[in-house]
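Chemist: If it helps, the file is called entry.txt and holds compact mmCIF, C-alpha atoms:
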# COMPACT_ATOMS: atom_id res chain seq x y z
CA MET N 1 -48.29 -13.47 93.39
CA ILE N 2 -44.80 -12.46 94.48
CA PRO N 3 -44.45 -12.41 98.27
CA ARG N 4 -43.89 -9.06 99.81
CA GLN N 5 -40.39 -10.09 100.98
CA MET N 6 -39.33 -10.94 97.36
CA ALA N 7 -40.75 -7.66 96.16
CA LEU N 8 -38.55 -5.85 98.65
CA VAL N 9 -35.37 -7.89 97.89
CA LEU N 10 -35.59 -7.89 94.06
CA PRO N 11 -34.92 -4.15 93.59
CA LEU N 12 -31.88 -4.45 95.87
CA VAL N 13 -30.45 -7.35 93.82
CA LEU N 14 -31.00 -5.51 90.56
CA SER N 15 -29.31 -2.46 91.99
CA ILE N 16 -26.25 -4.45 93.05
CA VAL N 17 -25.94 -6.13 89.65
CA SER N 18 -26.32 -2.84 87.77
CA SER N 19 -23.73 -1.11 89.93
CA GLY N 20 -21.12 -3.73 88.96
CA ILE N 21 -20.41 -4.98 92.48
CA TRP N 22 -20.60 -8.58 91.23
CA ALA N 23 -19.36 -7.86 87.68
CA GLN N 24 -15.95 -9.29 86.68
CA GLU N 25 -13.20 -7.31 85.02
CA PRO N 26 -13.42 -7.65 81.18
CA VAL N 27 -10.90 -10.07 79.73
CA GLU N 28 -9.31 -9.60 76.30
CA PRO N 29 -10.05 -12.55 74.01
CA ALA N 30 -7.12 -14.88 73.72
CA VAL N 31 -5.20 -14.77 70.44
CA PRO N 32 -4.62 -18.26 69.15
CA VAL N 33 -0.94 -19.05 68.91
CA PRO N 34 -0.11 -21.14 65.90
CA ALA N 35 1.59 -24.41 66.40
CA PRO N 36 5.34 -24.42 65.72
CA SER N 37 4.76 -26.65 62.72
CA ASP N 38 2.56 -24.07 60.96
CA PRO N 39 4.65 -22.59 58.07
CA VAL N 40 2.84 -19.25 57.88
CA THR N 41 0.40 -17.38 60.01
CA PRO N 42 -2.97 -16.39 58.53
CA GLU N 43 -1.98 -12.71 58.54
CA VAL N 44 1.22 -13.35 56.56
CA ALA N 45 -0.58 -15.53 53.99
CA THR N 46 -3.24 -12.87 53.41
CA THR N 47 -0.58 -10.18 52.92
CA ASP N 48 1.37 -12.23 50.32
CA THR N 49 -1.73 -13.07 48.27
CA THR N 50 -2.77 -9.43 48.17
CA GLU N 51 0.70 -8.35 47.11
CA LEU N 52 0.83 -10.92 44.34
CA THR N 53 -2.60 -9.86 43.08
CA ARG N 54 -1.56 -6.20 43.12
CA THR N 55 1.68 -6.97 41.22
CA HIS N 56 -0.19 -8.95 38.58
CA ALA N 57 -2.72 -6.15 38.10
CA VAL N 58 0.05 -3.59 37.65
CA SER N 59 1.78 -5.77 35.04
CA VAL N 60 -1.49 -6.19 33.11
CA VAL N 61 -2.11 -2.44 33.15
CA ASP N 62 1.46 -1.78 31.96
CA GLU N 63 1.01 -4.27 29.12
CA ILE N 64 -2.24 -2.64 28.02
CA ARG N 65 -0.59 0.78 28.09
CA ARG N 66 2.30 -0.53 26.00
CA MET N 67 -0.07 -1.98 23.43
CA LEU N 68 -2.05 1.24 23.22
CA VAL N 69 1.07 3.31 22.68
CA ILE N 70 2.30 1.03 19.88
CA SER N 71 -1.01 0.81 18.06
CA ARG N 72 -2.03 4.42 18.39
CA PRO N 73 -2.25 5.56 14.76
CA ASP N 74 -3.25 9.15 15.36
CA SER N 75 -0.20 10.43 17.23
CA VAL N 76 1.15 13.70 15.88
CA GLU N 77 4.55 12.28 14.93
CA ARG N 78 3.11 9.23 13.23
CA GLN N 79 0.64 11.24 11.16
CA ALA N 80 3.37 13.67 10.12
CA ASN N 81 5.64 10.79 9.06
CA ARG N 82 2.90 9.13 7.06
CA ARG N 83 2.06 12.27 5.13
CA TYR N 84 5.48 12.56 3.45
CA ARG N 85 7.01 9.35 2.10
CA VAL N 86 9.89 8.30 -0.15
CA GLY N 87 10.12 4.99 -1.98
CA ILE N 88 12.83 3.34 -4.06
CA GLY N 89 12.68 -0.10 -5.61
CA ALA N 90 12.03 -1.86 -8.91
CA SER N 91 9.31 -2.08 -11.54
CA PHE N 92 8.26 -5.59 -12.57
CA ASN N 93 6.97 -7.06 -15.80
CA PHE N 94 4.65 -10.00 -15.16
CA LEU N 95 3.27 -10.08 -18.72
CA ASP N 96 6.49 -11.50 -20.15
CA GLY N 97 7.83 -13.48 -17.21
CA PHE N 98 7.85 -11.87 -13.78
CA LYS N 99 11.14 -9.98 -13.72
CA ALA N 100 12.51 -6.62 -12.69
CA THR N 101 12.66 -4.25 -15.65
CA ASP N 102 13.64 -0.84 -14.33
CA ILE N 103 14.36 1.22 -11.23
CA TYR N 104 11.29 2.66 -9.52
CA GLY N 105 11.22 5.74 -7.30
CA ASP N 106 8.61 8.06 -5.83
CA VAL N 107 7.93 10.91 -3.45
CA SER N 108 4.36 11.08 -2.17
CA ILE N 109 2.42 13.63 -0.13
CA ARG N 110 -0.93 12.61 1.31
CA ILE N 111 -2.80 14.99 3.61
CA PRO N 112 -6.34 13.68 4.15
CA GLN N 113 -7.45 16.82 6.03
CA PHE N 114 -5.75 20.20 6.15
CA THR N 115 -7.22 20.90 9.59
CA ALA N 116 -9.27 18.93 12.10
CA GLY N 117 -12.86 18.84 10.94
CA SER N 118 -12.06 20.07 7.44
CA PRO N 119 -13.17 17.81 4.57
CA TRP N 120 -10.46 19.13 2.23
CA GLY N 121 -7.11 17.48 1.65
CA VAL N 122 -4.49 17.01 -1.04
CA ASP N 123 -2.77 14.12 -2.79
CA ALA N 124 0.45 14.86 -4.68
CA GLY N 125 3.72 13.31 -5.68
CA LEU N 126 6.38 12.46 -8.22
CA TYR N 127 7.18 8.99 -9.54
CA ASN N 128 9.44 7.32 -12.08
CA GLY N 129 8.79 3.81 -13.35
CA ARG N 130 8.09 1.50 -16.25
CA ALA N 131 4.74 0.14 -17.41
CA THR N 132 4.41 -2.75 -19.82
CA ILE N 133 1.81 -3.54 -22.47
CA GLU N 134 0.60 -7.03 -23.26
CA PRO N 135 2.57 -8.39 -26.25
CA SER N 136 0.72 -8.71 -29.54
CA VAL N 137 1.36 -11.57 -31.99
CA ASN N 138 0.19 -11.41 -35.62
CA ASN N 139 0.61 -13.68 -38.61
CA ILE N 140 1.39 -11.62 -41.69
CA SER N 141 2.46 -12.17 -45.27
CA TRP N 142 4.06 -9.83 -47.77
CA SER N 143 5.80 -9.92 -51.07
CA VAL N 144 8.90 -8.29 -52.45
CA ALA N 145 9.55 -7.84 -56.18
CA PHE N 146 12.95 -8.30 -57.83
CA PRO N 147 13.06 -7.30 -61.51
CA ARG N 148 15.14 -9.92 -63.36
CA THR N 149 16.78 -7.34 -65.61
CA PRO N 150 16.18 -3.63 -66.14
CA HIS N 151 13.13 -3.05 -68.33
CA ALA N 152 12.44 -6.80 -68.35
CA ASP N 153 8.98 -8.07 -69.09
CA SER N 154 9.03 -10.48 -66.11
CA THR N 155 9.67 -9.97 -62.43
CA HIS N 156 10.76 -12.38 -59.70
CA VAL N 157 8.38 -12.06 -56.71
CA VAL N 158 9.31 -13.50 -53.29
CA THR N 159 6.57 -13.91 -50.70
CA GLN N 160 7.33 -14.35 -46.99
CA SER N 161 5.02 -15.67 -44.30
CA LEU N 162 5.95 -14.16 -40.95
CA VAL N 163 4.99 -14.08 -37.29
CA ARG N 164 5.28 -10.51 -36.07
CA THR N 165 5.61 -10.12 -32.28
CA GLU N 166 5.43 -6.67 -30.74
CA LYS N 167 6.41 -5.96 -27.15
CA ALA N 168 5.94 -2.47 -25.78
CA TYR N 169 6.60 -0.58 -22.60
CA VAL N 170 6.28 2.99 -21.39
CA ASP N 171 8.85 4.86 -19.28
CA ASN N 172 7.22 7.53 -17.13
CA LEU N 173 8.47 10.46 -15.11
CA THR N 174 5.27 12.02 -13.76
CA LEU N 175 4.34 14.84 -11.43
CA TYR N 176 0.77 14.83 -10.10
CA VAL N 177 -1.38 16.86 -7.73
CA GLY N 178 -5.05 16.94 -6.87
CA PRO N 179 -7.51 18.07 -4.20
CA SER N 180 -9.66 15.62 -2.27
CA VAL N 181 -12.94 15.99 -0.38
CA HIS N 182 -13.90 13.59 2.37
CA ALA N 183 -17.08 11.70 1.46
CA TRP N 184 -17.49 8.83 3.93
CA SER N 185 -15.23 6.82 6.22
CA SER N 186 -11.98 6.28 4.24
CA LEU N 187 -13.47 7.34 0.90
CA PHE N 188 -12.76 10.69 -0.80
CA LEU N 189 -13.78 12.42 -4.02
CA ALA N 190 -10.66 13.43 -5.91
CA GLY N 191 -9.47 15.65 -8.73
CA HIS N 192 -6.25 14.83 -10.55
CA LEU N 193 -3.79 16.70 -12.75
CA GLU N 194 -0.56 15.13 -13.96
CA VAL N 195 2.15 16.17 -16.36
CA GLY N 196 5.18 14.17 -17.28
CA LYS N 197 7.75 12.94 -19.68
CA ARG N 198 6.81 9.74 -21.43
CA GLU N 199 8.65 7.47 -23.84
CA ASN N 200 6.76 4.74 -25.69
CA VAL N 201 9.05 1.91 -26.77
CA GLN N 202 8.09 -0.81 -29.26
CA ILE N 203 10.24 -3.89 -29.85
CA VAL N 204 9.23 -5.81 -32.97
CA THR N 205 10.56 -9.27 -33.82
CA PHE N 206 9.99 -11.25 -37.03
CA GLU N 207 9.95 -15.02 -37.34
CA VAL N 208 10.00 -16.38 -40.90
CA THR N 209 7.72 -19.41 -41.25
CA ASP N 210 7.55 -19.85 -45.05
CA VAL N 211 9.07 -18.48 -48.26
CA ASP N 212 7.62 -18.79 -51.77
CA SER N 213 8.74 -17.34 -55.09
CA VAL N 214 7.22 -16.96 -58.52
CA VAL N 215 8.00 -15.21 -61.80
CA LEU N 216 5.24 -12.93 -63.05
CA PRO N 217 4.83 -10.51 -65.93
CA THR N 218 5.99 -7.13 -64.74
CA ASN N 219 2.70 -5.44 -65.53
CA GLU N 220 0.93 -7.90 -63.20
CA VAL N 221 3.11 -7.33 -60.15
CA ARG N 222 1.32 -5.52 -57.32
CA VAL N 223 3.59 -5.23 -54.31
CA SER N 224 4.38 -2.45 -51.85
CA PRO N 225 7.67 -0.73 -52.61
CA THR N 226 8.30 -0.30 -48.86
CA HIS N 227 8.38 -4.02 -48.09
CA ARG N 228 11.65 -5.86 -47.87
CA LEU N 229 12.63 -9.39 -47.05
CA ARG N 230 13.09 -10.03 -43.32
CA GLU N 231 15.65 -12.27 -41.78
CA ASP N 232 14.47 -14.89 -39.35
CA GLY N 233 14.72 -13.42 -35.81
CA GLU N 234 15.22 -9.87 -37.05
CA THR N 235 14.35 -7.24 -34.40
CA TYR N 236 14.01 -3.49 -34.44
CA THR N 237 13.13 -0.95 -31.74
CA LEU N 238 11.00 2.16 -32.20
CA ARG N 239 11.10 4.90 -29.57
CA THR N 240 8.55 7.72 -29.39
CA PRO N 241 9.39 10.31 -26.71
CA GLY N 242 7.02 13.08 -25.72
CA TYR N 243 5.19 14.89 -22.95
CA ALA N 244 1.79 13.82 -21.71
CA THR N 245 -0.90 15.50 -19.63
CA PHE N 246 -3.86 13.89 -17.91
CA VAL N 247 -6.80 15.68 -16.25
CA GLY N 248 -9.41 13.61 -14.49
CA VAL N 249 -11.79 13.08 -11.58
CA GLY N 250 -12.68 10.04 -9.53
CA THR N 251 -12.52 8.43 -6.12
CA LEU N 252 -9.72 7.99 -3.61
CA LEU N 253 -9.60 5.36 -0.87
CA ASN N 254 -7.16 6.08 1.95
CA HIS N 255 -7.44 3.52 4.78
CA ASP N 256 -4.98 4.14 7.61
CA ASP N 257 -4.28 1.48 10.23
CA ALA N 258 -1.72 1.11 13.00
CA ASP N 259 0.73 -0.89 10.91
CA TYR N 260 -0.30 -0.38 7.28
CA ASN N 261 -2.02 1.89 4.78
CA ILE N 262 -4.17 1.02 1.76
CA TRP N 263 -4.35 3.71 -0.94
CA HIS N 264 -6.39 3.35 -4.13
CA LYS N 265 -7.33 5.85 -6.83
CA LEU N 266 -9.77 5.33 -9.71
CA LEU N 267 -9.96 8.12 -12.32
CA ILE N 268 -11.58 8.94 -15.66
CA GLY N 269 -10.36 11.87 -17.73
CA LEU N 270 -8.72 13.28 -20.85
CA GLU N 271 -5.15 12.37 -21.80
CA MET N 272 -3.18 14.58 -24.16
CA MET N 273 0.12 13.70 -25.84
CA GLY N 274 1.20 15.84 -28.74
CA SER N 275 -1.80 16.29 -31.02
CA GLU N 276 -3.56 13.18 -29.71
CA ARG N 277 -6.56 13.46 -27.37
CA THR N 278 -7.82 10.28 -25.73
CA TRP N 279 -10.48 9.65 -23.12
CA SER N 280 -8.80 7.36 -20.66
CA TYR N 281 -9.07 5.63 -17.29
CA VAL N 282 -6.40 5.24 -14.61
CA ALA N 283 -6.46 2.84 -11.64
CA GLN N 284 -3.66 3.07 -9.08
CA PHE N 285 -3.01 1.31 -5.78
CA ARG N 286 -0.43 1.17 -2.98
CA ILE N 287 -0.23 -1.08 0.08
CA THR N 288 2.34 0.15 2.60
CA ASP N 289 3.68 -1.90 5.51
CA PHE N 290 4.98 0.69 7.99
CA ASP N 291 6.42 -1.86 10.41
CA HIS N 292 8.79 -3.34 7.84
CA GLY N 293 9.12 -0.28 5.59
CA PHE N 294 7.97 -1.77 2.28
CA LYS N 295 5.19 -1.03 -0.17
CA LEU N 296 3.64 -2.84 -3.12
CA GLY N 297 1.87 -0.81 -5.75
CA GLY N 298 0.81 -0.57 -9.33
CA GLU N 299 -1.14 1.16 -12.07
CA ILE N 300 -3.43 0.20 -14.95
CA ARG N 301 -3.89 2.86 -17.63
CA GLY N 302 -5.78 2.65 -20.89
CA SER N 303 -8.20 4.29 -23.27
CA LEU N 304 -11.97 4.00 -22.91
CA ASP N 305 -11.89 2.09 -26.23
CA PHE N 306 -10.42 -0.65 -24.02
CA ASP N 307 -7.36 -1.33 -26.11
CA ALA N 308 -4.50 -3.18 -24.45
CA PRO N 309 -3.68 -1.14 -21.31
CA SER N 310 -0.27 -0.39 -19.86
CA ILE N 311 0.30 -2.14 -16.54
CA ALA N 312 2.87 -1.19 -13.91
CA VAL N 313 3.77 -3.15 -10.76
CA PHE N 314 6.46 -2.12 -8.30
CA LEU N 315 7.95 -3.19 -4.98
CA ALA N 316 9.84 -0.51 -3.05
CA ARG N 317 11.50 0.29 0.23
CA ASP N 318 9.41 2.97 1.90
CA VAL N 319 10.46 5.48 4.57
CA SER N 320 9.28 8.85 5.80
CA ILE N 321 11.07 11.91 4.48
CA SER N 322 12.12 12.84 8.03
CA LYS N 323 13.80 9.43 8.52
CA LEU N 324 15.58 9.78 5.18
CA ALA N 325 16.77 13.26 6.14
CA ASP N 326 18.07 11.93 9.49
CA PHE N 327 19.97 9.21 7.64
CA LEU N 328 21.47 11.59 5.07
CA VAL N 329 22.71 14.08 7.66
CA GLY N 330 23.95 11.37 9.98
CA GLY N 331 21.24 11.74 12.62
CA ASN N 332 19.60 8.99 14.59
CA GLY N 333 16.37 8.14 12.81
CA GLY N 334 15.57 5.28 15.16
CA SER N 335 14.84 1.71 14.22
CA SER N 336 11.29 2.25 13.03
CA PRO N 337 10.86 2.87 9.26
CA GLU N 338 8.22 5.47 10.07
Using structure tokens, write down the structure that the file contains.
Modeler:
Amino acid sequence: MIPRQMALVLPLVLSIVSSGIWAQEPVEPAVPVPAPSDPVTPEVATTDTTELTRTHAVSVVDEIRRMLVISRPDSVERQANRRYRVGIGASFNFLDGFKATDIYGDVSIRIPQFTAGSPWGVDAGLYNGRATIEPSVNNISWSVAFPRTPHADSTHVVTQSLVRTEKAYVDNLTLYVGPSVHAWSSLFLAGHLEVGKRENVQIVTFEVTDVDSVVLPTNEVRVSPTHRLREDGETYTLRTPGYATFVGVGTLLNHDDADYNIWHKLLIGLEMMGSERTWSYVAQFRITDFDHGFKLGGEIRGSLDFDAPSIAVFLARDVSISKLADFLVGGNGGSSPE
């Protein structure tokens, strides 16, 4: 047990301590002073690291923003520029040695959707170019009769063996237009109407491989009066100008990316030229590089009897109509081909 004297003193001691009579004045904790050899204080080092981190973050954000601005394909200006294009270049013949054959030019209008949310669009344009047809080579033989004298009983008949080579191409100036309906993703259902001026050109060359002659009784001679002897290497050209119309339906692929566009059309329909009516197919494609302002394209066109088709391939410089207008009037179209 606590003695009575301690019980009397303890409350007094507690009272003195609680009243602060023996308490010392509070002392601020000492701030450590860095040694003179220390290059930086902790506070300065922390501030620099934070600043560097913040600067790096800002630069990363700026870079991301720059990339997003460049690759944004759905900006109003970019879409408007991509809808109306002009191309000029050359048609190529790769069936008879890959070489330029004619000047190519086009104006194209591609509006995938008239308004936001609408499935309807239009595909139209005008193009001028040359398509080639695979050469045909045939071995033929014909005879030509030469009466020895008027009213003679015998006739001199000369027979030639020949290699007949036919090369053909088609020059087109075509205007086309057609509605499109969005089906799925980049795929559309398309109608197509085209009218144009067309000239079919055939170049025929003869190579003489053998000549034989015989004298026969005149009443035994059976030769065509239209045949004549051909010279070795003889060539003639046949041109058939006219106007052609094609009406068809099919599919349209229009894939738009930040830097390029892939356009492909596959059609089946009726082709009319003069009195001829032919069920035909048409396959067209274009790959456009907007960054460099070039496009590669082509067309395969033939009858559903699958005769030798006409094939066109072109490479062209491609710009938007607005950029071309700026150039023609002396404005500043900027460095981008779009």
Chemist: State, in Å with one decimal place, the distance from CA of Lys265 (chain N) to CA of Ala283 (chain N).
Modeler: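 CA of Lys265 (chain N) sits 5.7 Å away from CA of Ala283 (chain N).
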Chemist: State, in Å with one decimal place, the distance from CA of Ala116 (chain N) to CA of Asn254 (chain N).
Modeler: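 One can read the CA of Ala116 (chain N) to CA of Asn254 (chain N) distance as 16.5 Å.
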Chemist: Any idea what the distance is between CA of Leu266 (chain N) and CA of Ser303 (chain N)?
Modeler: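 For CA of Leu266 (chain N) relative to CA of Ser303 (chain N), the distance reads 13.7 Å.
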Chemist: Residues at most 7 Å from Pro217 (chain N), counting only C-alpha atoms, excluding those fewer than 6 positions away in the same chain, as a list in words?
Modeler: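 Here the qualifying residues turn out to be Asp153, Ser154 and Thr155 of chain N.
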Chemist: Write out as a list of chain:residue names each polymer residue whose atoms come within 6 Å of region 310-314 of chain N, counting all atoms listed in the file; drop sequence neighbours fewer than 3 positions from it.
Modeler: N:Ala90, N:Ser91, N:Phe92, N:Ala131, N:Thr132, N:Ile133, N:Leu296, N:Gly297, N:Gly298, N:Glu299, N:Ile300, N:Arg301
Chemist: Using all atoms listed in the file, find the one residue out of N:Asp259, N:Glu199, N:Asp305, N:Asp232 that sits nearest to Phe290 (chain N).
Modeler: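 The shortest atom-to-atom distance to Phe290 (chain N) comes from N:Asp259.
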Chemist: So, counting only C-alpha atoms, which residue among N:Ser141, N:Ser136, N:Ser118, N:Asn200 is closest to Asn172 (chain N)?
Modeler: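 Checking each candidate against Asn172 (chain N), we get N:Asn200 as the closest.
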Chemist: Of the residues N:Ser224, N:Gly248, N:Lys295, N:Lys197, which is the one nearest to Val144 (chain N), using all atoms listed in the file?
Modeler: N:Ser224
Chemist: Taking all atoms listed in the file into account, which of N:Gly129, N:Gly269, N:Gln113, N:Glu207 comes nearest Gly89 (chain N)?
Modeler: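 Ranked by minimum distance to Gly89 (chain N), first place goes to N:Gly129.
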Chemist: How big is the axis-aligned box, and where does its centre sit, when it encloses all atoms of region 258-274 of chain N listed in the file and has 3 Å added on every side, reported in Å to one decimal as AutoDock Vina command-line options?
Modeler:
--center_x -5.2 --center_y 7.5 --center_z -7.9 --size_x 18.8 --size_y 22.7 --size_z 47.7
Chemist: Determine the nearest neighbour of Asn93 (chain N) from the options N:Gly250, N:Ser143, N:Arg286, N:Leu315, counting all atoms listed in the file.
Modeler: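 Checking each of N:Gly250, N:Ser143, N:Arg286, N:Leu315 against Asn93 (chain N), counting all atoms listed in the file, the winner is N:Leu315.
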